[in-house]
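Shown next: work15.txt, containing compact mmCIF, C-alpha atoms and all ligand atoms.
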```txt
# COMPACT_ATOMS: atom_id res chain seq x y z
CA MET S 1 29.26 11.31 -19.39
CA GLN S 2 31.99 8.86 -18.60
CA SER S 3 32.90 8.48 -14.94
CA LYS S 4 36.38 9.54 -13.84
CA MET S 5 36.49 6.98 -11.02
CA PRO S 6 38.80 4.03 -11.64
CA PRO S 7 37.75 0.66 -10.16
CA GLN S 8 40.79 0.83 -7.84
CA ALA S 9 39.07 3.63 -5.93
CA TYR S 10 36.56 1.04 -4.72
CA ILE S 11 38.63 -2.10 -4.34
CA ASP S 12 42.27 -1.27 -3.65
CA GLN S 13 43.76 -1.23 -0.12
CA ALA S 14 46.55 1.24 -0.97
CA TRP S 15 43.95 3.61 -2.43
CA PHE S 16 41.85 3.26 0.71
CA ASP S 17 44.85 4.13 2.93
CA ARG S 18 45.61 7.19 0.84
CA GLU S 19 41.97 8.24 1.00
CA ARG S 20 42.08 7.98 4.80
CA ASP S 21 45.11 10.29 4.92
CA LEU S 22 44.07 12.81 2.26
CA LEU S 23 40.30 12.98 2.77
CA PHE S 24 39.17 11.67 6.15
CA LYS S 25 41.99 12.67 8.51
CA PRO S 26 41.76 16.39 7.70
CA LEU S 27 37.94 16.46 7.84
CA TRP S 28 35.51 16.58 10.74
CA GLN S 29 33.83 13.24 11.22
CA PHE S 30 30.53 12.54 12.88
CA ILE S 31 30.87 10.34 15.95
CA GLY S 32 27.46 10.29 17.65
CA LEU S 33 24.57 12.20 19.16
CA LYS S 34 24.87 14.61 22.04
CA VAL S 35 21.65 13.27 23.57
CA MET S 36 23.54 10.01 24.16
CA LEU S 37 26.17 11.93 26.11
CA ASP S 38 23.89 13.86 28.41
CA LYS S 39 25.07 12.56 31.83
CA HIS S 40 28.34 12.71 33.73
CA ASN S 41 30.40 9.68 32.57
CA SER S 42 28.20 8.88 29.56
CA PHE S 43 30.33 7.93 26.57
CA ILE S 44 30.34 6.84 22.92
CA ALA S 45 33.16 4.66 21.57
CA ARG S 46 33.71 4.17 17.83
CA THR S 47 36.57 3.15 15.59
CA LEU S 48 37.09 5.57 12.73
CA PHE S 49 39.53 4.43 10.06
CA GLY S 50 41.20 2.04 12.47
CA ILE S 51 41.59 4.64 15.25
CA PRO S 52 39.58 3.79 18.39
CA ILE S 53 37.95 6.94 19.79
CA VAL S 54 35.96 7.64 22.91
CA VAL S 55 33.87 10.74 23.56
CA GLN S 56 33.23 11.07 27.28
CA ASN S 57 31.15 13.47 29.35
CA PHE S 58 33.07 14.88 32.35
CA ARG S 59 30.54 16.81 34.48
CA GLY S 60 28.94 18.30 31.39
CA GLU S 61 32.15 18.78 29.39
CA LEU S 62 32.60 16.57 26.30
CA ARG S 63 36.09 15.36 25.47
CA ALA S 64 37.39 13.09 22.68
CA PHE S 65 40.37 10.81 23.34
CA GLU S 66 42.03 7.86 21.74
CA ASN S 67 40.31 4.91 23.38
CA VAL S 68 43.55 3.14 24.22
CA CYS S 69 45.02 2.71 27.69
CA PRO S 70 48.65 3.90 27.68
CA HIS S 71 49.62 1.02 29.97
CA ARG S 72 49.09 -2.14 27.91
CA GLN S 73 46.88 -0.73 25.12
CA ASN S 74 43.64 -2.20 26.36
CA PRO S 75 40.58 -0.30 25.09
CA ILE S 76 39.35 1.86 27.98
CA GLN S 77 35.66 1.80 27.06
CA VAL S 78 34.69 -1.55 25.61
CA GLU S 79 30.98 -1.03 24.91
CA PRO S 80 29.95 1.20 21.96
CA GLN S 81 28.03 3.48 24.35
CA GLY S 82 27.01 3.66 27.98
CA VAL S 83 27.61 5.40 31.30
CA ARG S 84 30.88 4.48 33.00
CA PRO S 85 33.93 6.42 34.23
CA LEU S 86 36.95 6.54 31.95
CA PHE S 87 38.62 3.67 33.70
CA CYS S 88 40.65 0.75 32.36
CA GLY S 89 39.44 -2.57 33.71
CA TYR S 90 42.75 -4.39 33.19
CA HIS S 91 44.87 -2.80 35.96
CA GLY S 92 42.61 -0.05 37.21
CA TRP S 93 44.12 3.08 35.67
CA SER S 94 41.70 6.00 35.44
CA PHE S 95 41.71 9.18 33.38
CA ASP S 96 40.45 12.71 33.91
CA SER S 97 39.05 15.30 31.52
CA GLU S 98 42.58 16.36 30.54
CA GLY S 99 43.53 12.77 29.72
CA ALA S 100 45.83 12.64 32.77
CA THR S 101 46.26 9.26 34.38
CA LYS S 102 45.80 8.11 37.96
CA ILE S 103 47.76 4.90 38.50
CA PRO S 104 46.98 2.75 41.53
CA HIS S 105 50.14 1.37 43.23
CA GLU S 106 52.24 3.64 41.06
CA ASP S 107 55.14 4.04 43.51
CA THR S 108 55.38 0.42 44.48
CA LEU S 109 54.80 -1.38 41.17
CA TYR S 110 55.42 0.93 38.20
CA ARG S 111 58.18 3.35 39.28
CA TYR S 112 58.23 5.19 35.91
CA PRO S 113 61.14 7.58 35.50
CA GLN S 114 59.90 11.18 35.62
CA GLU S 115 60.48 11.74 31.92
CA GLU S 116 58.49 8.67 30.92
CA ARG S 117 55.73 9.47 33.38
CA ALA S 118 55.30 12.89 31.79
CA CYS S 119 54.39 11.22 28.47
CA ILE S 120 51.74 8.96 29.97
CA HIS S 121 48.41 10.54 29.15
CA LEU S 122 45.67 10.03 26.60
CA ARG S 123 45.87 11.39 23.08
CA ARG S 124 43.20 14.03 22.73
CA PHE S 125 41.26 14.92 19.57
CA ALA S 126 39.41 18.09 18.64
CA LEU S 127 35.66 17.98 19.11
CA GLU S 128 32.81 20.15 17.83
CA VAL S 129 29.13 20.02 18.65
CA VAL S 130 26.59 21.15 16.05
CA GLY S 131 23.17 21.07 17.72
CA ASN S 132 22.91 17.42 18.63
CA LEU S 133 25.58 16.16 16.26
CA VAL S 134 29.04 15.51 17.68
CA PHE S 135 32.05 15.64 15.35
CA VAL S 136 35.70 14.82 15.97
CA ASN S 137 38.80 15.63 13.99
CA LEU S 138 41.83 13.34 13.89
CA SER S 139 44.36 15.84 12.58
CA ASP S 140 46.76 17.87 14.74
CA ASN S 141 45.73 21.04 13.03
CA PRO S 142 41.99 20.77 12.29
CA LEU S 143 40.42 23.00 9.72
CA PRO S 144 37.59 25.15 11.13
CA ILE S 145 34.36 23.16 10.80
CA LYS S 146 32.83 26.16 8.97
CA GLN S 147 35.23 25.48 6.14
CA GLN S 148 33.90 21.95 5.81
CA PHE S 149 30.18 22.78 5.98
CA GLY S 150 28.95 26.19 4.93
CA ALA S 151 27.05 28.43 7.34
CA ALA S 152 23.63 27.48 5.89
CA MET S 153 24.30 23.74 6.23
CA LEU S 154 25.61 24.13 9.77
CA ALA S 155 22.57 26.19 10.76
CA SER S 156 20.19 23.68 9.19
CA MET S 157 21.91 20.67 10.85
CA LYS S 158 21.87 22.52 14.16
CA ALA S 159 18.21 23.55 14.04
CA SER S 160 16.93 20.16 12.88
CA SER S 161 19.05 18.11 15.28
CA GLU S 162 17.96 20.25 18.21
CA ALA S 163 14.49 18.82 17.62
CA TYR S 164 15.71 15.31 18.59
CA ASP S 165 14.31 13.55 21.61
CA THR S 166 16.65 11.95 24.17
CA GLU S 167 15.46 8.37 23.57
CA VAL S 168 17.55 6.82 20.78
CA ILE S 169 17.85 3.37 19.24
CA THR S 170 20.91 2.45 17.22
CA THR S 171 21.60 -0.44 14.90
CA THR S 172 24.71 -1.40 12.94
CA TYR S 173 25.05 -3.10 9.56
CA ASP S 174 28.30 -4.64 8.42
CA ALA S 175 28.06 -3.89 4.71
CA LYS S 176 30.38 -5.36 2.10
CA PHE S 177 30.91 -2.40 -0.16
CA ASN S 178 33.04 0.71 -0.52
CA TRP S 179 31.67 3.75 1.34
CA LYS S 180 31.62 5.86 -1.86
CA LEU S 181 28.96 3.67 -3.44
CA ILE S 182 26.49 4.73 -0.77
CA TYR S 183 27.05 8.47 -1.07
CA GLU S 184 26.81 8.20 -4.84
CA ASN S 185 23.55 6.30 -4.31
CA LEU S 186 22.22 8.95 -1.93
CA ARG S 187 22.77 11.67 -4.52
CA ASP S 188 20.91 9.61 -7.12
CA SER S 189 17.25 10.60 -6.88
CA HIS S 190 16.22 8.42 -9.81
CA HIS S 191 16.79 5.00 -8.24
CA PRO S 192 13.90 5.04 -5.67
CA ARG S 193 11.35 4.71 -8.51
CA TYR S 194 12.80 1.27 -9.28
CA LEU S 195 14.74 0.00 -6.31
CA HIS S 196 12.29 1.23 -3.66
CA ALA S 197 9.15 0.92 -5.80
CA ARG S 198 7.32 -1.09 -3.16
CA THR S 199 8.68 0.73 -0.10
CA LEU S 200 9.86 4.35 0.05
CA TYR S 201 8.53 5.32 -3.37
CA GLN S 202 4.98 4.50 -2.26
CA ASP S 203 5.06 7.48 0.12
CA VAL S 204 7.45 9.90 -1.55
CA LYS S 205 7.64 10.45 -5.29
CA PHE S 206 11.24 11.57 -5.67
CA ASP S 207 11.48 13.63 -8.77
CA ALA S 208 14.79 13.26 -10.60
CA LYS S 209 15.32 16.19 -12.89
CA ILE S 210 18.18 17.90 -14.62
CA ASP S 211 19.17 21.27 -13.25
CA GLU S 212 20.56 22.75 -16.48
CA PHE S 213 22.39 25.48 -14.59
CA GLY S 214 23.99 22.96 -12.21
CA LEU S 215 24.84 20.64 -15.07
CA GLU S 216 26.60 23.43 -16.96
CA ALA S 217 28.60 24.35 -13.85
CA THR S 218 29.59 20.69 -13.46
CA GLN S 219 30.68 20.45 -17.09
CA ARG S 220 32.89 23.50 -16.61
CA LEU S 221 34.23 22.10 -13.35
CA ARG S 222 35.20 18.83 -15.00
CA GLN S 223 37.50 20.78 -17.33
CA GLU S 224 39.09 22.70 -14.48
CA ASP S 225 42.57 22.10 -13.14
CA LEU S 226 41.67 22.15 -9.47
CA THR S 227 44.78 23.28 -7.64
CA ASP S 228 43.57 26.16 -5.48
CA ARG S 229 42.75 25.08 -1.91
CA GLY S 230 40.25 27.88 -1.31
CA ARG S 231 38.36 26.95 -4.44
CA ALA S 232 38.49 23.25 -3.51
CA LEU S 233 37.09 23.96 -0.03
CA ALA S 234 34.30 26.10 -1.46
CA LEU S 235 33.37 23.28 -3.82
CA MET S 236 33.45 20.76 -0.98
CA ARG S 237 31.01 22.90 1.03
CA SER S 238 28.61 22.75 -1.90
CA PHE S 239 28.56 18.92 -1.65
CA SER S 240 26.76 19.17 1.70
CA PHE S 241 23.22 20.45 1.72
CA GLY S 242 19.92 19.69 3.32
CA GLY S 243 16.35 20.53 4.20
CA ARG S 244 13.14 19.91 2.29
CA ASP S 245 13.56 17.32 -0.42
CA ALA S 246 10.25 16.03 -1.80
CA PRO S 247 6.61 16.52 -0.83
CA MET S 248 4.84 13.57 0.77
CA GLU S 249 2.01 11.84 -1.10
CA SER S 250 -0.39 11.99 1.83
CA PRO S 251 0.15 13.75 5.16
CA PRO S 252 1.89 11.44 7.65
CA ASN S 253 -0.49 10.22 10.29
CA GLU S 254 0.61 7.98 13.16
CA PHE S 255 -0.91 7.83 16.64
CA TRP S 256 2.29 9.19 18.22
CA HIS S 257 2.70 12.23 15.97
CA PRO S 258 0.63 14.51 18.23
CA LEU S 259 2.81 13.38 21.16
CA VAL S 260 6.03 14.96 19.83
CA GLU S 261 7.17 18.54 19.10
CA ARG S 262 7.44 18.23 15.36
CA TYR S 263 10.36 19.87 13.53
CA ARG S 264 8.64 22.51 11.38
CA ASP S 265 5.13 21.76 10.16
CA GLN S 266 5.46 20.70 6.56
CA ASP S 267 4.56 17.39 4.98
CA TRP S 268 7.88 16.96 3.25
CA TYR S 269 10.59 14.37 3.11
CA TYR S 270 13.65 16.06 4.67
CA ASN S 271 17.14 15.09 3.67
CA TRP S 272 20.57 16.27 4.85
CA LEU S 273 23.69 15.06 3.08
CA ALA S 274 26.86 15.98 4.92
CA TYR S 275 29.91 15.19 2.82
CA PRO S 276 31.57 12.74 3.01
CA ASN S 277 29.69 10.13 5.03
CA LEU S 278 26.71 11.34 7.02
CA HIS S 279 23.09 11.20 5.91
CA ILE S 280 20.10 12.35 7.94
CA ALA S 281 16.52 11.97 6.79
CA SER S 282 13.05 12.56 8.12
CA SER S 283 10.58 10.54 6.09
CA ASN S 284 7.49 11.83 7.91
CA GLY S 285 7.67 15.60 7.79
CA GLY S 286 9.85 16.18 10.86
CA HIS S 287 8.19 13.78 13.32
CA SER S 288 11.22 11.51 13.49
CA PHE S 289 14.74 11.23 12.10
CA THR S 290 17.10 8.56 10.83
CA ILE S 291 20.80 9.37 11.11
CA GLU S 292 23.04 7.17 8.98
CA HIS S 293 26.76 7.20 9.51
CA HIS S 294 28.81 5.27 6.94
CA ILE S 295 32.12 4.37 8.54
CA PRO S 296 34.76 3.18 6.06
CA VAL S 297 36.44 0.02 7.41
CA GLY S 298 38.24 -1.27 4.31
CA PRO S 299 38.01 -0.82 0.54
CA GLY S 300 35.16 -3.34 0.41
CA ARG S 301 33.67 -2.87 3.87
CA THR S 302 31.58 -0.15 5.44
CA GLU S 303 30.12 -0.11 8.92
CA PHE S 304 26.70 1.42 8.75
CA VAL S 305 25.62 2.87 12.10
CA VAL S 306 22.00 4.03 12.09
CA TYR S 307 20.34 6.09 14.83
CA PHE S 308 16.56 6.38 15.15
CA VAL S 309 15.02 9.19 17.15
CA THR S 310 11.65 10.92 17.20
CA ALA S 311 11.24 14.64 17.65
CA LYS S 312 11.14 15.68 21.33
CA LYS S 313 8.34 14.02 23.27
CA LYS S 314 5.89 16.48 24.79
CA ARG S 315 5.72 14.07 27.73
CA PRO S 316 6.77 10.45 28.18
CA TYR S 317 4.37 7.87 26.72
CA ALA S 318 4.34 4.14 27.35
CA THR S 319 4.94 2.88 23.80
CA SER S 320 7.79 5.21 22.75
CA ALA S 321 10.36 2.37 22.63
CA ALA S 322 7.99 0.35 20.44
CA VAL S 323 7.62 3.34 18.11
CA LEU S 324 11.40 3.49 17.67
CA HIS S 325 11.57 -0.25 17.18
CA ALA S 326 8.89 -0.12 14.47
CA HIS S 327 10.99 2.57 12.83
CA THR S 328 14.06 0.38 12.70
CA LEU S 329 12.00 -2.34 11.00
CA GLY S 330 10.56 0.05 8.41
CA ALA S 331 13.95 1.57 7.63
CA ASP S 332 15.56 -1.86 7.56
CA LYS S 333 13.54 -2.84 4.47
CA ILE S 334 14.66 0.25 2.52
CA LEU S 335 18.26 0.07 3.73
CA ARG S 336 18.53 -3.57 2.75
CA GLU S 337 17.29 -2.75 -0.75
CA ASP S 338 20.15 -0.25 -1.07
CA ILE S 339 22.74 -2.44 0.64
CA GLU S 340 21.95 -5.41 -1.59
CA VAL S 341 22.60 -3.39 -4.75
CA MET S 342 25.77 -1.77 -3.35
CA GLU S 343 27.10 -5.22 -2.43
CA GLN S 344 26.27 -6.55 -5.90
CA ILE S 345 28.15 -3.66 -7.50
CA GLN S 346 31.12 -4.18 -5.18
CA ARG S 347 31.31 -7.86 -6.09
CA THR S 348 31.18 -6.99 -9.78
CA LEU S 349 34.03 -4.44 -9.72
CA TYR S 350 37.48 -5.63 -10.72
CA GLU S 351 40.73 -4.01 -11.76
CA GLY S 352 40.36 -3.17 -15.43
CA ALA S 353 36.56 -2.88 -15.25
CA ARG S 354 35.25 -0.26 -17.67
CA PRO S 355 34.17 3.09 -16.21
CA ALA S 356 30.56 3.87 -15.31
CA HIS S 357 28.43 6.14 -17.50
CA LEU S 358 26.67 8.90 -15.63
CA GLY S 359 23.52 10.48 -16.99
CA ASP S 360 23.11 14.26 -16.97
CA TYR S 361 20.75 13.91 -13.98
CA GLU S 362 23.78 12.60 -12.02
CA PHE S 363 25.60 15.89 -12.40
CA ILE S 364 26.23 16.28 -8.64
CA ASN S 365 28.14 13.01 -8.49
CA ALA S 366 29.93 13.96 -11.71
CA GLY S 367 31.19 17.14 -10.04
CA ILE S 368 32.17 15.43 -6.80
CA GLU S 369 34.21 12.80 -8.60
CA HIS S 370 36.29 15.42 -10.41
CA TRP S 371 36.97 17.13 -7.08
CA TYR S 372 37.73 13.81 -5.40
CA MET S 373 40.14 12.66 -8.13
CA SER S 374 41.96 16.01 -8.03
CA LEU S 375 42.43 15.52 -4.27
CA MET S 376 43.62 11.94 -4.72
CA GLU S 377 46.03 13.01 -7.47
CA GLY S 378 47.54 15.49 -5.03
CA LYS S 379 46.48 18.60 -6.95
CA PHE S 380 45.34 20.23 -3.70
CA ALA S 381 45.37 19.23 -0.04
CA LEU S 382 42.64 19.76 2.54
S1 LIG B 401 46.12 -1.93 30.28
FE1 LIG B 401 44.96 -0.37 31.16
S2 LIG B 401 45.53 -0.39 33.19
FE2 LIG B 401 46.78 -1.90 32.34
FE FE B 402 18.04 4.08 -1.90
```

Once you've parsed the file, please lay out its structure as structure tokens.
Amino acid sequence: MQSKMPPQAYIDQAWFDRERDLLFKPLWQFIGLKVMLDKHNSFIARTLFGIPIVVQNFRGELRAFENVCPHRQNPIQVEPQGVRPLFCGYHGWSFDSEGATKIPHEDTLYRYPQEERACIHLRRFALEVVGNLVFVNLSDNPLPIKQQFGAAMLASMKASSEAYDTEVITTTYDAKFNWKLIYENLRDSHHPRYLHARTLYQDVKFDAKIDEFGLEATQRLRQEDLTDRGRALALMRSFSFGGRDAPMESPPNEFWHPLVERYRDQDWYYNWLAYPNLHIASSNGGHSFTIEHHIPVGPGRTEFVVYFVTAKKKRPYATSAAVLHAHTLGADKILREDIEVMEQIQRTLYEGARPAHLGDYEFINAGIEHWYMSLMEGKFAL
């Protein structure tokens, strides 16, 4: 079937800006792991769609603020993560859990009129914690997170992420492609046979097959005039799902596996796809997890933040950092195979390029694109 996505959706700046307003601003967005925010003053700072955000722990309470000092707009936290009070290094202003400001030498040097002083505080964002996954919402009137992810998906993300250990390694890729190419790729279970033939496919034989029932539903959906918000939200919830994906060829067997509290006890590849831009996988039957966050930066640029974590350690062991490091190297090979193709596709796209042709096995993407185009055409709003 012919794709409904025009090339502009991948290459055009005005399209990207509209997508930020219509899709990302109303939705809950992943921002980091709770295990990285476990101490007083621990923080995570990220820029989502051009808005700098800090999530900070205040004596156990997590708060999300705009990471911009109201004085001269210096970023308050400069590192992507760490442990440090919410304090601006430029002129020493500090901020409490309500976003209120303490200004040294206020009376002698600043002398703000009362009215102006009342406006000087940090902009706060809504925050939700699902197990170990921290989400923020940039809108003034956030939709309940249950309307974004259904109850089953929330429960599954919660249970699996609660298995995470506290030791985490992160790595960031600056990828030159539109963020949608990667989610389309993640819902394409046929490509590993070719693209990852010498890596991932050696261990897991992903089995692409056509779900005739799902395909039929997609074909009906693609005829539908999608104007009802409730219907659109229900469809969006169906784009996020997760759990067991494919059985493993041979049971995973690494020296450190007995040292962690494995998530479940099945030799399966686990996969969670949280629409629009979060992907979590466990490629060794719940012994460790890779959390991929695809942050849209521009129409042709995506920041790829990847977190590696094992399941909870039963007790500390000397080589745990090396285990995580080995993980990053293993995942790097597979990720680079994907990134290389996405970047090739991005370079090939141009205004006026002919549409893609989806096979029936790609029915999930075919459904999502109809939903997405209806949103972008303003038929419904989130
Ligand atoms: S810019 Fe932050 S205290 Fe001056
Ligand atoms: Fe892939």

Neighbours of His370 (chain S) within 10 Å (only C-alpha atoms; same-chain residues fewer than 6 positions away dropped), as a VMD selection string?
chain S and resid 3 to 5 218 221 to 226 376

Smallest atom-to-atom distance to Ala246 (chain S): which of S:Pro104, S:Pro355, S:Pro316, S:Gly285, using all atoms listed in the file?
S:Gly285

Could the residues of chain S that have an atom at most 10 Å from ligand FE 402 (chain B) be listed as JSON lines, each with its closest atom pair and the distance in Å to one decimal, counting all atoms listed in the file and ordered by chain and ascending residue number?
```
{"residue": "S:Ile182", "atom": "CA", "partner": "B:FE402", "partner_atom": "FE", "distance": 8.5}
{"residue": "S:Asn185", "atom": "CA", "partner": "B:FE402", "partner_atom": "FE", "distance": 6.4}
{"residue": "S:Leu186", "atom": "CA", "partner": "B:FE402", "partner_atom": "FE", "distance": 6.4}
{"residue": "S:Arg187", "atom": "CA", "partner": "B:FE402", "partner_atom": "FE", "distance": 9.3}
{"residue": "S:Asp188", "atom": "CA", "partner": "B:FE402", "partner_atom": "FE", "distance": 8.1}
{"residue": "S:Ser189", "atom": "CA", "partner": "B:FE402", "partner_atom": "FE", "distance": 8.2}
{"residue": "S:His190", "atom": "CA", "partner": "B:FE402", "partner_atom": "FE", "distance": 9.2}
{"residue": "S:His191", "atom": "CA", "partner": "B:FE402", "partner_atom": "FE", "distance": 6.5}
{"residue": "S:Pro192", "atom": "CA", "partner": "B:FE402", "partner_atom": "FE", "distance": 5.7}
{"residue": "S:Arg193", "atom": "CA", "partner": "B:FE402", "partner_atom": "FE", "distance": 9.4}
{"residue": "S:Tyr194", "atom": "CA", "partner": "B:FE402", "partner_atom": "FE", "distance": 9.5}
{"residue": "S:Leu195", "atom": "CA", "partner": "B:FE402", "partner_atom": "FE", "distance": 6.9}
{"residue": "S:His196", "atom": "CA", "partner": "B:FE402", "partner_atom": "FE", "distance": 6.7}
{"residue": "S:Leu200", "atom": "CA", "partner": "B:FE402", "partner_atom": "FE", "distance": 8.4}
{"residue": "S:Tyr201", "atom": "CA", "partner": "B:FE402", "partner_atom": "FE", "distance": 9.7}
{"residue": "S:Ile334", "atom": "CA", "partner": "B:FE402", "partner_atom": "FE", "distance": 6.8}
{"residue": "S:Leu335", "atom": "CA", "partner": "B:FE402", "partner_atom": "FE", "distance": 6.9}
{"residue": "S:Arg336", "atom": "CA", "partner": "B:FE402", "partner_atom": "FE", "distance": 9.0}
{"residue": "S:Glu337", "atom": "CA", "partner": "B:FE402", "partner_atom": "FE", "distance": 7.0}
{"residue": "S:Asp338", "atom": "CA", "partner": "B:FE402", "partner_atom": "FE", "distance": 4.9}
{"residue": "S:Ile339", "atom": "CA", "partner": "B:FE402", "partner_atom": "FE", "distance": 8.4}
{"residue": "S:Val341", "atom": "CA", "partner": "B:FE402", "partner_atom": "FE", "distance": 9.2}
{"residue": "S:Met342", "atom": "CA", "partner": "B:FE402", "partner_atom": "FE", "distance": 9.8}
```

Around ligand LIG 401 (chain B), out to 7 Å and counting only C-alpha atoms and all ligand atoms, which residues are there? I want them as a list in words.
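Answer in the requested format: Cys69, Pro70, His71, Arg72, Gln73, Asn74, Ile76, Cys88, Gly89, Tyr90, His91, Gly92 and Trp93 of chain S.
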
Separation of CA of Thr171 (chain S) from CA of Leu133 (chain S), in Å and rounded to one decimal
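These two atoms are separated by 17.1 Å.
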
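If all atoms listed in the file are the atoms counted, then among S:Glu106, S:Glu216, S:Asp21, S:Asp12 the closest residue to Ala366 (chain S) is S:Glu216.
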
Rank nothing, just name the residue among S:Tyr10, S:Trp28, S:Trp179, S:Tyr317 nearest to His257 (chain S), using all atoms listed in the file.
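Among the listed residues, the smallest separation from His257 (chain S) belongs to S:Tyr317.
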
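Nearest to Met236 (chain S) of all the residues S:Leu215, S:Ala208, S:Ala321, S:Ala274 is S:Ala274, based on only C-alpha atoms.
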
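Distances to Ile44 (chain S) were evaluated for S:Ser94, S:Gln81, S:Gln147, S:Ser139 using all atoms listed in the file, and the minimum falls at S:Gln81.
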
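Checking S:Trp272, S:Ile345, S:Thr199, S:Ile53 one by one against Asp332 (chain S), counting only C-alpha atoms, you find the shortest gap at S:Thr199.
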
Anything within 10 Å of (19.1, 19.9, -12.8): list those residues as a ChimeraX atom specification, counting only C-alpha atoms and sticking to the file's coordinates.
/S:208-216,360-364

Quote the spacing between CA of Gly50 (chain S) and CA of Pro142 (chain S) in Å to one decimal place.
18.7 Å

Find the residues around His294 (chain S) up to 8 Å (all atoms listed in the file counted), leave out those fewer than 5 positions away in its own chain, and share them as a list of chain:residue names.
S:Trp179, S:Asn277, S:Leu278, S:Thr302, S:Glu303, S:Phe304, S:Val305

Interatomic distance between CA of Ala234 (chain S) and CA of Leu27 (chain S)?
13.9 Å

Need the shell around Gln2 (chain S): protein/DNA/RNA residues with any atom at most 7 Å away, counting all atoms listed in the file. Skip same-chain ones fewer than 6 positions apart. Format as a count of residues only?
4

Just the residues within 10 Å of Gln8 (chain S), please, counting all atoms listed in the file, with nothing from its chain fewer than 6 positions along; format it as a PyMOL selection string.
chain S and resi 14-16+299+349-353

Any chance you can output those residues with C-alpha atoms as a PDB file, in the coordinates of the input?
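The resulting out.pdb:
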```
ATOM      1  CA  ALA S  14      46.550   1.240  -0.970  1.00  0.00           C
ATOM      2  CA  TRP S  15      43.950   3.610  -2.430  1.00  0.00           C
ATOM      3  CA  PHE S  16      41.850   3.260   0.710  1.00  0.00           C
ATOM      4  CA  PRO S 299      38.010  -0.820   0.540  1.00  0.00           C
ATOM      5  CA  LEU S 349      34.030  -4.440  -9.720  1.00  0.00           C
ATOM      6  CA  TYR S 350      37.480  -5.630 -10.720  1.00  0.00           C
ATOM      7  CA  GLU S 351      40.730  -4.010 -11.760  1.00  0.00           C
ATOM      8  CA  GLY S 352      40.360  -3.170 -15.430  1.00  0.00           C
ATOM      9  CA  ALA S 353      36.560  -2.880 -15.250  1.00  0.00           C
TER      10      ALA S 353
END
```

Where is the centre and how long are the edges: axis-aligned box on region 310-322 of chain S, 3 Å on each side, Å to one decimal, as AutoDock Vina command-line options:
```
--center_x 8.0 --center_y 8.4 --center_z 22.7 --size_x 13.3 --size_y 22.1 --size_z 17.0
```

Neighbour list for Ser160 (chain S) as a ChimeraX atom specification, cut-off 12 Å, all atoms listed in the file, skip fewer than 3 positions in-chain:
/S:130-133,153-157,163-165,242-244,261-264,270-272,280-282,285-291,309-312
